[in-house]
>>> print(open('target_13.txt').read())   # compact mmCIF, C-alpha atoms and all ligand atoms
# COMPACT_ATOMS: atom_id res chain seq x y z
CA MET A 1 -16.21 -5.08 -58.00
CA HIS A 2 -18.55 -2.68 -56.17
CA LYS A 3 -18.10 -4.75 -53.07
CA LEU A 4 -14.33 -4.43 -53.38
CA ILE A 5 -14.52 -0.65 -53.68
CA ALA A 6 -16.83 -0.48 -50.68
CA ILE A 7 -14.44 -2.60 -48.64
CA SER A 8 -11.49 -0.47 -49.76
CA ILE A 9 -13.29 2.73 -48.76
CA PHE A 10 -14.22 1.18 -45.43
CA LEU A 11 -10.63 0.12 -44.78
CA PHE A 12 -9.31 3.50 -45.85
CA SER A 13 -11.66 5.42 -43.58
CA TYR A 14 -11.00 2.97 -40.76
CA CYS A 15 -7.29 3.70 -41.10
CA LEU A 16 -7.99 7.43 -41.03
CA LEU A 17 -10.14 7.06 -37.91
CA ALA A 18 -7.47 5.01 -36.25
CA GLN A 19 -4.95 7.80 -36.89
CA THR A 20 -6.80 10.81 -35.52
CA ASP A 21 -10.23 11.72 -34.25
CA GLN A 22 -11.87 15.03 -35.09
CA ARG A 23 -13.30 15.37 -31.57
CA ILE A 24 -9.80 15.55 -30.14
CA TYR A 25 -9.01 18.60 -32.32
CA GLU A 26 -12.32 20.10 -31.27
CA ILE A 27 -11.49 19.62 -27.56
CA MET A 28 -8.04 21.11 -28.07
CA ASP A 29 -9.48 24.18 -29.78
CA LYS A 30 -12.16 24.80 -27.16
CA VAL A 31 -9.68 25.42 -24.32
CA SER A 32 -9.66 29.15 -23.55
CA ALA A 33 -6.65 31.20 -22.42
CA GLU A 34 -9.04 33.99 -21.42
CA ARG A 35 -11.00 31.79 -19.00
CA ILE A 36 -7.77 30.38 -17.54
CA LYS A 37 -6.57 33.95 -17.03
CA ASN A 38 -9.81 34.86 -15.23
CA ASP A 39 -9.54 31.84 -12.94
CA VAL A 40 -5.85 32.31 -12.12
CA THR A 41 -6.64 35.96 -11.35
CA THR A 42 -9.51 35.01 -9.05
CA LEU A 43 -7.36 32.45 -7.23
CA ALA A 44 -4.42 34.84 -6.86
CA ASN A 45 -6.78 37.50 -5.48
CA PHE A 46 -7.67 35.38 -2.46
CA GLY A 47 -4.49 36.93 -1.04
CA THR A 48 -3.11 33.70 0.32
CA ARG A 49 -4.24 30.12 -0.18
CA HIS A 50 -1.83 28.74 2.38
CA THR A 51 -3.11 25.44 3.82
CA LEU A 52 -3.10 26.94 7.35
CA SER A 53 -4.67 30.27 6.30
CA ASP A 54 -8.09 31.68 7.16
CA THR A 55 -11.10 29.51 6.32
CA ILE A 56 -13.91 31.79 7.50
CA SER A 57 -13.52 34.83 5.25
CA ASN A 58 -15.22 34.79 1.87
CA THR A 59 -12.54 36.94 0.25
CA ARG A 60 -9.22 35.83 1.71
CA GLY A 61 -7.62 32.48 2.54
CA ILE A 62 -7.91 28.86 1.49
CA GLY A 63 -11.50 28.45 2.73
CA ALA A 64 -12.74 31.11 0.33
CA ALA A 65 -10.63 29.62 -2.45
CA ARG A 66 -11.96 26.09 -2.11
CA ARG A 67 -15.56 27.25 -1.87
CA TRP A 68 -15.05 29.27 -5.04
CA ILE A 69 -13.57 26.24 -6.86
CA LYS A 70 -16.58 24.17 -5.78
CA SER A 71 -18.91 26.92 -7.04
CA GLU A 72 -17.14 26.90 -10.44
CA PHE A 73 -17.65 23.12 -10.69
CA ASP A 74 -21.31 23.71 -9.72
CA LYS A 75 -21.68 26.20 -12.58
CA ILE A 76 -20.07 23.83 -15.07
CA SER A 77 -22.38 21.06 -13.91
CA ASN A 78 -25.44 23.29 -14.30
CA ASN A 79 -24.44 23.76 -17.93
CA CYS A 80 -24.24 20.02 -18.67
CA ASN A 81 -27.44 18.67 -17.11
CA ASN A 82 -25.72 18.04 -13.78
CA CYS A 83 -23.04 15.88 -15.37
CA LEU A 84 -20.60 16.46 -12.49
CA GLU A 85 -20.71 15.05 -8.94
CA MET A 86 -19.11 17.54 -6.55
CA SER A 87 -17.64 16.78 -3.16
CA PHE A 88 -15.13 17.91 -0.55
CA GLN A 89 -12.76 15.25 0.73
CA LYS A 90 -11.06 16.16 3.97
CA ASP A 91 -8.69 14.86 6.63
CA LEU A 92 -7.59 16.35 9.92
CA VAL A 93 -3.80 16.68 10.06
CA LYS A 94 -2.57 17.00 13.62
CA LYS A 95 -0.11 19.59 14.89
CA ASP A 96 3.55 18.53 14.56
CA GLU A 97 2.78 15.78 12.03
CA ASN A 98 5.86 17.39 10.52
CA ASP A 99 7.56 20.76 11.05
CA ARG A 100 5.28 22.41 8.47
CA ILE A 101 2.14 21.66 10.52
CA PRO A 102 2.39 24.08 13.48
CA LYS A 103 -1.31 23.62 14.37
CA ASP A 104 -4.14 21.16 13.72
CA VAL A 105 -5.58 21.73 10.27
CA TRP A 106 -8.28 20.28 8.06
CA VAL A 107 -6.76 19.55 4.66
CA VAL A 108 -9.66 19.84 2.25
CA ASN A 109 -9.68 18.72 -1.39
CA VAL A 110 -12.35 19.68 -3.94
CA MET A 111 -13.47 17.10 -6.44
CA ALA A 112 -15.80 16.87 -9.43
CA ILE A 113 -16.48 13.52 -11.07
CA GLN A 114 -17.81 13.18 -14.61
CA ARG A 115 -19.25 9.69 -14.47
CA GLY A 116 -18.37 7.28 -17.29
CA SER A 117 -21.24 5.46 -19.04
CA LYS A 118 -19.58 2.08 -19.39
CA TYR A 119 -16.94 1.91 -16.65
CA PRO A 120 -18.27 4.23 -13.91
CA ASP A 121 -15.69 2.97 -11.40
CA ARG A 122 -12.61 3.41 -13.58
CA TYR A 123 -11.06 6.84 -13.18
CA ILE A 124 -8.63 9.03 -15.03
CA ILE A 125 -7.68 12.02 -12.89
CA MET A 126 -6.46 15.53 -13.61
CA SER A 127 -5.25 17.52 -10.63
CA GLY A 128 -4.01 20.96 -9.67
CA ASP A 129 -3.26 22.34 -6.22
CA ILE A 130 -5.30 24.83 -4.24
CA ASP A 131 -2.63 25.89 -1.73
CA SER A 132 0.23 28.39 -2.01
CA ARG A 133 3.24 29.52 0.03
CA VAL A 134 5.93 32.21 0.33
CA SER A 135 9.58 32.07 1.50
CA ASP A 136 8.78 30.70 4.96
CA ALA A 137 6.73 27.53 4.40
CA ASN A 138 4.80 28.16 7.62
CA ASN A 139 3.89 31.79 6.93
CA TYR A 140 0.13 31.65 6.41
CA ILE A 141 -0.45 35.39 6.85
CA SER A 142 1.53 37.19 4.13
CA ASP A 143 0.28 37.64 0.59
CA SER A 144 0.97 34.47 -1.37
CA PRO A 145 -0.73 34.73 -4.75
CA GLY A 146 0.77 31.46 -6.05
CA ALA A 147 -0.25 32.50 -9.55
CA ASN A 148 1.88 29.92 -11.29
CA ASP A 149 2.40 27.58 -8.28
CA ASN A 150 -0.22 26.43 -8.50
CA ALA A 151 -3.23 28.52 -9.51
CA SER A 152 -2.19 27.69 -13.09
CA GLY A 153 -2.67 23.95 -12.55
CA MET A 154 -5.92 24.51 -10.66
CA ALA A 155 -7.31 26.82 -13.35
CA GLY A 156 -6.29 24.34 -16.04
CA THR A 157 -8.19 21.60 -14.23
CA ILE A 158 -11.34 23.74 -13.99
CA GLU A 159 -11.04 24.67 -17.67
CA ALA A 160 -10.63 21.02 -18.71
CA ALA A 161 -13.87 20.27 -16.85
CA ARG A 162 -15.60 23.12 -18.72
CA VAL A 163 -14.56 21.74 -22.10
CA LEU A 164 -14.94 18.00 -21.48
CA SER A 165 -18.29 18.28 -19.68
CA HIS A 166 -19.91 18.72 -23.12
CA TYR A 167 -18.90 15.18 -24.14
CA LYS A 168 -19.91 11.74 -22.93
CA PHE A 169 -17.21 9.26 -21.96
CA GLU A 170 -17.06 5.57 -21.14
CA ASN A 171 -14.64 5.95 -18.21
CA SER A 172 -15.04 8.45 -15.38
CA ILE A 173 -12.98 11.62 -15.30
CA VAL A 174 -12.03 13.24 -11.98
CA TYR A 175 -11.22 16.97 -11.82
CA LEU A 176 -9.33 17.43 -8.61
CA GLY A 177 -8.17 20.37 -6.53
CA LEU A 178 -5.70 19.16 -3.90
CA SER A 179 -4.64 20.99 -0.78
CA GLY A 180 -1.73 20.66 1.67
CA GLU A 181 0.81 20.18 -1.12
CA GLU A 182 3.36 22.64 0.18
CA GLN A 183 3.04 21.32 3.75
CA GLY A 184 3.91 17.73 2.76
CA LEU A 185 1.60 16.30 0.05
CA PHE A 186 -1.22 15.80 2.56
CA GLY A 187 -4.14 16.33 0.16
CA GLY A 188 -2.90 13.67 -2.24
CA GLN A 189 -2.35 11.21 0.59
CA GLY A 190 -5.88 11.78 1.89
CA LEU A 191 -7.43 11.41 -1.53
CA VAL A 192 -5.52 8.18 -2.23
CA LYS A 193 -6.61 6.74 1.11
CA SER A 194 -10.27 7.57 0.49
CA SER A 195 -10.20 6.28 -3.11
CA LYS A 196 -8.67 2.98 -1.90
CA GLU A 197 -11.48 2.65 0.62
CA LYS A 198 -13.98 3.22 -2.18
CA GLY A 199 -12.25 0.62 -4.34
CA TRP A 200 -11.52 2.98 -7.23
CA ASP A 201 -9.86 1.50 -10.28
CA ILE A 202 -7.48 4.33 -11.15
CA ILE A 203 -6.13 4.48 -14.71
CA GLY A 204 -3.74 7.22 -13.67
CA ILE A 205 -3.33 10.82 -12.58
CA PHE A 206 -2.05 13.84 -14.48
CA ASN A 207 -0.67 16.10 -11.77
CA ASN A 208 -0.38 19.64 -13.09
CA ASP A 209 1.97 21.72 -11.00
CA MET A 210 3.17 24.99 -12.57
CA ILE A 211 1.97 25.11 -16.16
CA GLY A 212 2.25 28.85 -16.80
CA ASN A 213 5.86 30.04 -16.87
CA ILE A 214 7.79 30.23 -20.14
CA LYS A 215 10.88 32.20 -19.02
CA GLY A 216 13.44 29.99 -17.33
CA VAL A 217 16.08 30.84 -14.80
CA ASP A 218 18.41 29.23 -17.37
CA GLY A 219 17.65 32.13 -19.74
CA ILE A 220 15.65 30.00 -22.13
CA ILE A 221 12.25 31.24 -23.23
CA SER A 222 9.98 28.67 -24.81
CA ASN A 223 6.23 28.49 -25.15
CA THR A 224 6.30 24.97 -26.62
CA ASP A 225 8.65 22.98 -24.34
CA PHE A 226 7.10 21.16 -21.40
CA ARG A 227 8.00 18.23 -19.18
CA ILE A 228 6.35 14.93 -18.39
CA PHE A 229 7.89 13.39 -15.27
CA SER A 230 7.45 9.69 -14.56
CA GLU A 231 9.18 7.26 -12.24
CA PRO A 232 10.73 4.15 -13.84
CA VAL A 233 8.94 1.42 -11.87
CA PRO A 234 6.41 1.47 -9.01
CA PRO A 235 7.83 1.51 -5.46
CA THR A 236 5.26 -1.14 -4.57
CA GLU A 237 6.85 -3.85 -6.70
CA THR A 238 7.66 -7.10 -4.97
CA GLU A 239 11.09 -8.63 -4.47
CA ARG A 240 10.10 -11.27 -7.03
CA GLU A 241 9.14 -8.63 -9.61
CA ARG A 242 12.45 -6.90 -9.04
CA ASN A 243 14.33 -10.16 -9.58
CA MET A 244 12.30 -10.98 -12.71
CA ARG A 245 13.30 -7.65 -14.19
CA ARG A 246 16.97 -8.62 -14.30
CA PHE A 247 16.12 -11.43 -16.70
CA TYR A 248 13.12 -10.12 -18.63
CA GLY A 249 13.63 -6.35 -18.65
CA GLY A 250 11.34 -3.52 -17.61
CA GLU A 251 13.75 -1.14 -15.85
CA VAL A 252 12.26 1.82 -17.74
CA ASP A 253 8.80 0.37 -18.38
CA GLY A 254 6.71 0.81 -15.24
CA ILE A 255 3.05 1.87 -15.37
CA SER A 256 3.77 5.58 -14.85
CA ARG A 257 6.34 5.53 -17.65
CA GLN A 258 3.74 3.96 -19.98
CA LEU A 259 1.31 6.73 -19.05
CA ALA A 260 4.02 9.29 -19.86
CA ARG A 261 4.61 7.65 -23.26
CA TYR A 262 0.86 7.70 -23.91
CA VAL A 263 0.69 11.46 -23.33
CA HIS A 264 3.87 12.03 -25.32
CA LYS A 265 2.52 10.10 -28.32
CA ASN A 266 -0.87 11.81 -28.26
CA VAL A 267 0.77 15.24 -28.14
CA LYS A 268 3.09 14.34 -31.04
CA THR A 269 0.01 13.24 -33.01
CA TYR A 270 -2.41 16.07 -32.25
CA MET A 271 -0.18 18.98 -31.20
CA PRO A 272 2.98 18.53 -33.27
CA GLU A 273 3.97 22.15 -32.64
CA MET A 274 4.61 21.27 -28.98
CA ASN A 275 7.81 19.82 -27.57
CA PRO A 276 6.94 17.29 -24.87
CA MET A 277 10.06 16.25 -22.92
CA MET A 278 9.81 12.93 -21.15
CA ILE A 279 11.89 13.18 -18.01
CA TYR A 280 12.90 9.79 -16.66
CA ARG A 281 12.49 10.55 -12.98
CA LEU A 282 9.74 10.78 -10.38
CA ASP A 283 10.06 14.56 -10.09
CA ARG A 284 12.64 17.34 -10.11
CA PHE A 285 15.88 16.55 -8.24
CA GLY A 286 14.96 16.06 -4.59
CA ARG A 287 11.64 17.90 -4.97
CA GLY A 288 8.07 16.74 -4.69
CA GLY A 289 4.61 16.88 -6.19
CA HIS A 290 1.14 15.51 -5.77
CA HIS A 291 1.45 12.59 -8.18
CA ARG A 292 3.80 10.94 -5.65
CA PRO A 293 1.14 9.80 -3.11
CA PHE A 294 -0.57 8.03 -6.02
CA ASN A 295 2.72 6.43 -7.12
CA ASP A 296 3.40 5.45 -3.49
CA ALA A 297 0.14 3.48 -3.49
CA GLY A 298 0.98 1.71 -6.77
CA TYR A 299 -1.07 3.87 -9.14
CA ALA A 300 0.22 5.30 -12.41
CA GLY A 301 0.83 9.03 -12.17
CA ILE A 302 2.84 11.67 -13.97
CA ARG A 303 3.69 15.31 -13.42
CA ILE A 304 2.97 17.70 -16.30
CA MET A 305 4.74 21.05 -16.03
CA GLU A 306 6.63 23.86 -17.68
CA ALA A 307 10.14 23.04 -18.93
CA HIS A 308 11.95 26.15 -17.75
CA GLU A 309 11.31 27.09 -14.13
CA ASN A 310 12.08 30.41 -12.55
CA TYR A 311 13.03 30.06 -8.90
CA THR A 312 12.78 33.79 -8.17
CA GLN A 313 9.06 33.37 -8.84
CA GLN A 314 8.34 30.32 -6.68
CA HIS A 315 7.85 30.16 -2.92
CA GLN A 316 9.08 33.76 -2.56
CA ASP A 317 8.01 36.74 -0.49
CA ILE A 318 6.91 39.48 -2.88
CA ARG A 319 9.79 41.98 -2.93
CA VAL A 320 12.42 43.63 -5.07
CA GLU A 321 16.00 42.73 -4.24
CA ASN A 322 19.08 43.73 -6.25
CA GLY A 323 16.77 44.77 -9.06
CA ILE A 324 15.07 41.38 -9.19
CA ALA A 325 11.28 41.25 -8.71
CA TYR A 326 10.62 38.20 -6.54
CA GLY A 327 7.24 36.57 -6.10
CA ASP A 328 4.75 34.26 -7.79
CA VAL A 329 2.55 37.02 -9.21
CA LEU A 330 0.08 37.20 -12.10
CA GLU A 331 2.41 39.18 -14.39
CA HIS A 332 4.70 36.18 -14.77
CA VAL A 333 2.05 33.77 -16.00
CA ASN A 334 1.73 33.18 -19.73
CA PHE A 335 -1.91 32.25 -20.25
CA GLU A 336 -1.53 31.10 -23.86
CA TYR A 337 1.04 28.59 -22.65
CA ALA A 338 -1.17 27.47 -19.74
CA LYS A 339 -3.90 26.96 -22.33
CA LYS A 340 -1.64 24.68 -24.38
CA LEU A 341 -0.75 22.52 -21.39
CA THR A 342 -4.41 22.40 -20.39
CA ALA A 343 -5.18 21.16 -23.91
CA VAL A 344 -2.47 18.50 -23.48
CA ASN A 345 -4.38 17.26 -20.43
CA ALA A 346 -7.82 17.53 -22.02
CA ILE A 347 -6.99 15.52 -25.14
CA ASN A 348 -5.35 12.80 -23.07
CA LEU A 349 -8.18 12.66 -20.54
CA ALA A 350 -10.61 12.29 -23.45
CA SER A 351 -8.54 9.65 -25.23
CA LEU A 352 -8.24 7.53 -22.11
CA ALA A 353 -11.86 8.09 -21.10
CA TRP A 354 -12.94 6.80 -24.53
CA ALA A 355 -10.51 3.86 -24.48
CA PRO A 356 -11.16 0.30 -23.37
CA PRO A 357 -9.37 -1.03 -20.28
CA ALA A 358 -5.82 -2.23 -20.87
CA PRO A 359 -5.32 -6.00 -21.00
CA LYS A 360 -4.55 -7.21 -17.48
CA GLU A 361 -2.20 -10.02 -18.34
CA VAL A 362 0.27 -9.86 -21.23
CA LYS A 363 2.49 -12.90 -21.74
CA ILE A 364 5.57 -12.88 -23.91
CA GLY A 365 7.59 -15.79 -25.28
CA GLY A 366 9.91 -16.92 -28.04
CA ILE A 367 13.18 -17.63 -26.26
CA VAL A 368 15.75 -19.05 -28.74
CA GLU A 369 13.26 -18.72 -31.58
CA PRO A 370 13.17 -16.41 -34.62
CA SER A 371 9.79 -14.88 -33.68
CA ALA A 372 8.28 -13.06 -30.71
CA LYS A 373 5.06 -14.55 -29.33
CA PHE A 374 2.33 -12.87 -27.32
CA GLN A 375 -0.80 -13.86 -25.48
CA TRP A 376 -3.03 -11.52 -23.51
CA SER A 377 -6.31 -11.40 -21.63
CA LYS A 378 -9.07 -9.82 -23.73
CA VAL A 379 -10.99 -6.80 -22.46
CA PRO A 380 -14.63 -5.80 -23.08
CA GLY A 381 -15.12 -2.99 -25.57
CA ALA A 382 -11.96 -3.59 -27.57
CA VAL A 383 -12.26 -4.22 -31.32
CA GLY A 384 -8.65 -5.32 -31.39
CA TYR A 385 -5.19 -5.07 -29.95
CA LYS A 386 -1.98 -3.41 -30.96
CA ILE A 387 1.47 -4.86 -30.37
CA TYR A 388 4.16 -2.23 -29.89
CA TRP A 389 7.89 -2.63 -29.94
CA ARG A 390 11.00 -0.48 -29.88
CA ASP A 391 14.76 -0.66 -29.79
CA THR A 392 15.92 -1.22 -26.21
CA THR A 393 17.53 2.25 -26.18
CA SER A 394 14.50 4.12 -27.57
CA PRO A 395 12.25 6.11 -25.21
CA THR A 396 9.17 5.79 -27.47
CA TRP A 397 7.14 2.91 -28.93
CA ASP A 398 8.40 3.31 -32.49
CA HIS A 399 6.91 0.23 -34.15
CA SER A 400 3.42 -1.17 -33.93
CA ARG A 401 1.08 -3.62 -35.53
CA PHE A 402 -2.70 -3.76 -35.16
CA VAL A 403 -3.58 -7.45 -34.93
CA GLY A 404 -7.38 -7.43 -34.69
CA ASP A 405 -9.64 -9.11 -32.18
CA VAL A 406 -7.40 -11.99 -31.15
CA SER A 407 -5.79 -12.97 -27.85
CA GLU A 408 -2.49 -14.19 -29.19
CA PHE A 409 -0.11 -13.32 -31.98
CA THR A 410 3.34 -14.14 -33.31
CA LEU A 411 5.54 -11.43 -34.79
CA GLU A 412 7.38 -13.45 -37.40
CA GLY A 413 11.04 -12.60 -37.84
CA VAL A 414 11.23 -10.29 -34.84
CA VAL A 415 13.78 -11.59 -32.36
CA LEU A 416 12.72 -11.21 -28.76
CA ASP A 417 16.15 -10.23 -27.45
CA ASN A 418 16.59 -7.10 -29.52
CA PHE A 419 13.48 -5.09 -28.63
CA PHE A 420 11.09 -4.22 -25.84
CA PHE A 421 7.41 -5.01 -26.42
CA GLY A 422 3.97 -4.04 -25.17
CA VAL A 423 0.27 -4.53 -25.98
CA SER A 424 -2.65 -2.05 -25.95
CA ALA A 425 -6.40 -2.48 -26.42
CA VAL A 426 -8.11 -0.44 -29.18
CA SER A 427 -11.71 0.84 -29.33
CA LYS A 428 -13.83 0.98 -32.49
CA ASP A 429 -13.00 4.68 -32.86
CA GLY A 430 -9.31 3.98 -32.53
CA PHE A 431 -8.85 5.11 -28.93
CA GLU A 432 -6.22 3.09 -27.16
CA SER A 433 -5.53 2.00 -23.63
CA VAL A 434 -2.12 2.62 -22.12
CA VAL A 435 0.44 0.08 -23.38
CA VAL A 436 1.01 -2.87 -21.04
CA PHE A 437 4.56 -4.16 -20.69
CA PRO A 438 4.55 -8.00 -20.56
CA ASN A 439 3.97 -9.22 -17.02
CA ALA A 440 4.18 -13.00 -17.55
CA ILE A 441 6.26 -15.46 -19.56
CA LEU A 442 4.82 -17.69 -22.28
CA ARG A 443 6.42 -21.14 -22.27
ZN ZN A 501 5.23 24.80 -4.75
>>> encode(input="target_13.txt", output="structure tokens", more="lines below")
Ligand SMILES: [Zn+2]
Amino acid sequence: MHKLIAISIFLFSYCLLAQTDQRIYEIMDKVSAERIKNDVTTLANFGTRHTLSDTISNTRGIGAARRWIKSEFDKISNNCNNCLEMSFQKDLVKKDENDRIPKDVWVVNVMAIQRGSKYPDRYIIMSGDIDSRVSDANNYISDSPGANDNASGMAGTIEAARVLSHYKFENSIVYLGLSGEEQGLFGGQGLVKSSKEKGWDIIGIFNNDMIGNIKGVDGIISNTDFRIFSEPVPPTETERERNMRRFYGGEVDGISRQLARYVHKNVKTYMPEMNPMMIYRLDRFGRGGHHRPFNDAGYAGIRIMEAHENYTQQHQDIRVENGIAYGDVLEHVNFEYAKKLTAVNAINLASLAWAPPAPKEVKIGGIVEPSAKFQWSKVPGAVGYKIYWRDTTSPTWDHSRFVGDVSEFTLEGVVLDNFFFGVSAVSKDGFESVVVFPNAILR
């Protein structure tokens, strides 16, 4: 009898743990709007952070800005027993590479790595951009505070490092300041190239680009709406994979889309007051961002940003015209909102950094049978696996079943044709990998 009660209590608390983890609430609550405000202010006060701007001055230009970002990471590291590894990653971009590179320029990224204890070479990345611009993309002289675009994303990344550096994770977290965004996504391209050379296993990137504006050009004001952009399938897929998709599905189930769903679900669980909007596209219509170089190389990556943009406050010379105050200045940034989106990043970085790797191979079968069958490759550190499924028209994984530490399972009475399926790996504390859409057929 006592044994039964003990087992019941264990199962009950296990279920609770699997639902939510107190540390995630703690992380969420530790993010500070005040510190984000200070950092956005500091970044905006470098006058301009244009990629081609001055690099010698200590008060103006992108050189001063990147050295300051590095010094902030240094400070954070000093407060966590040197838990961060700082570096500059740079590439020389030659004049006329495109029409936004009027002279040779070193594109320099700033990086801090919080090394994982169990999987030091698996990385989850949060990024913001260092550089800014005004109306003329090649004007590197005029004041270009870039308070929202993208000091907000940069400050959020620094703040996430401040909060998460007080925890220990199994996977490595990268806090990344990218440069050259406005000139043609050069910083991201350089970073991807160097991480490929180093053989990084990248779980994914959260590219934060404009996370501070709540007043849209559409007249909507919302401090809870935000967007998660993800492309449907990787551009690196093979002809064979594309053909397979016609018969087995997966048109809206690429790796970046699964990362988007992961973030969406975590936000719905831990920050139910927020309204995450999954946008089923790489980026805004015809526009770009720094997750794209990662997607181009076959890595999962999403863009996290405000829902309601204001174009009079992006890429604009500071001026008043017809009564409208143009310019990306401090006054337009809502720091409480930037704090919320920073928390969105922080809780998802933590969840993934505490999660086991996702199963590499997931096979699905059950053609002309009444049940769906699965088989997957086990991963170290998982106490079990979760099978997810959803209606074919649903954007979210609405049904799931935890199936324990096995490598195959049959969902009795669930007909293969009527749902989409996926499998995740689960840690002992209930942290989950990203869901893997089946990538092989079980015969
Ligand atoms: Zn921009």
>>> atom_distance(input="target_13.txt", atom1="atom CA of A:Asp149", atom2="atom CA of A:Ser135")
12.9 Å
>>> residues_near_ligand(input="target_13.txt", ligand="ligand ZN 501 (chain A)", cutoff="8 Å", atoms="all atoms listed in the file", output="ChimeraX atom specification")
/A:132-133,149-150,181-182,209,314-315
>>> closest_residue(input="target_13.txt", among="A:Gly188, A:Gly381, A:Pro359, A:Gly128", to="A:Ala297", atoms="all atoms listed in the file")
A:Gly188
>>> atom_distance(input="target_13.txt", atom1="atom CA of A:Gly190", atom2="atom CA of A:Phe294")
10.2 Å
>>> closest_residue(input="target_13.txt", among="A:Asn439, A:Ser195, A:Ser351, A:Gly289", to="A:Tyr270", atoms="all atoms listed in the file")
A:Ser351
>>> atom_distance(input="target_13.txt", atom1="atom CA of A:Arg49", atom2="atom CA of A:Ala147")
10.5 Å
>>> residues_around(input="target_13.txt", residues="A:Pro235", least_positions_apart="5", cutoff="9 Å", atoms="only C-alpha atoms", output="ChimeraX atom specification")
/A:295-298
>>> write_last_selection(input="target_13.txt", atoms="C-alpha atoms", output="compact mmCIF listing (two decimals), keeping the file's coordinate frame")
# COMPACT_ATOMS: atom_id res chain seq x y z
CA ASN A 295 2.72 6.43 -7.12
CA ASP A 296 3.40 5.45 -3.49
CA ALA A 297 0.14 3.48 -3.49
CA GLY A 298 0.98 1.71 -6.77
>>> residues_around(input="target_13.txt", residues="A:Gly384", least_positions_apart="6", cutoff="6 Å", atoms="only C-alpha atoms", output="PyMOL selection string")
chain A and resi 404-405+426
>>> residues_around(input="target_13.txt", residues="stretch 321-325 of chain A", least_positions_apart="3", cutoff="9 Å", atoms="all atoms listed in the file", output="JSON, numbers by chain")
{"A": [312, 313, 318]}
>>> closest_atom_pairs(input="target_13.txt", of="stretch 190-280 of chain A", to="stretch 120-124 of chain A", cutoff="10 Å", atoms="all atoms listed in the file", output="tab-separated table")
residue	atom	partner	partner_atom	distance
A:Lys198	CA	A:Asp121	CA	9.4
A:Gly199	CA	A:Asp121	CA	8.2
A:Trp200	CA	A:Asp121	CA	5.9
A:Asp201	CA	A:Arg122	CA	4.7
A:Ile202	CA	A:Tyr123	CA	4.8
A:Ile203	CA	A:Ile124	CA	5.2
A:Gly204	CA	A:Ile124	CA	5.4
A:Ile205	CA	A:Ile124	CA	6.1
A:Phe206	CA	A:Ile124	CA	8.2
>>> residues_around(input="target_13.txt", residues="A:Thr342", least_positions_apart="2", cutoff="8 Å", atoms="all atoms listed in the file", output="list in words")
Val31, Gly156, Thr157, Glu159, Ala160, Ala338, Lys339, Lys340, Val344, Asn345 and Ala346 of chain A
>>> closest_residue(input="target_13.txt", among="A:Arg390, A:Lys70, A:Lys363, A:Lys265", to="A:Thr20", atoms="all atoms listed in the file")
A:Lys265
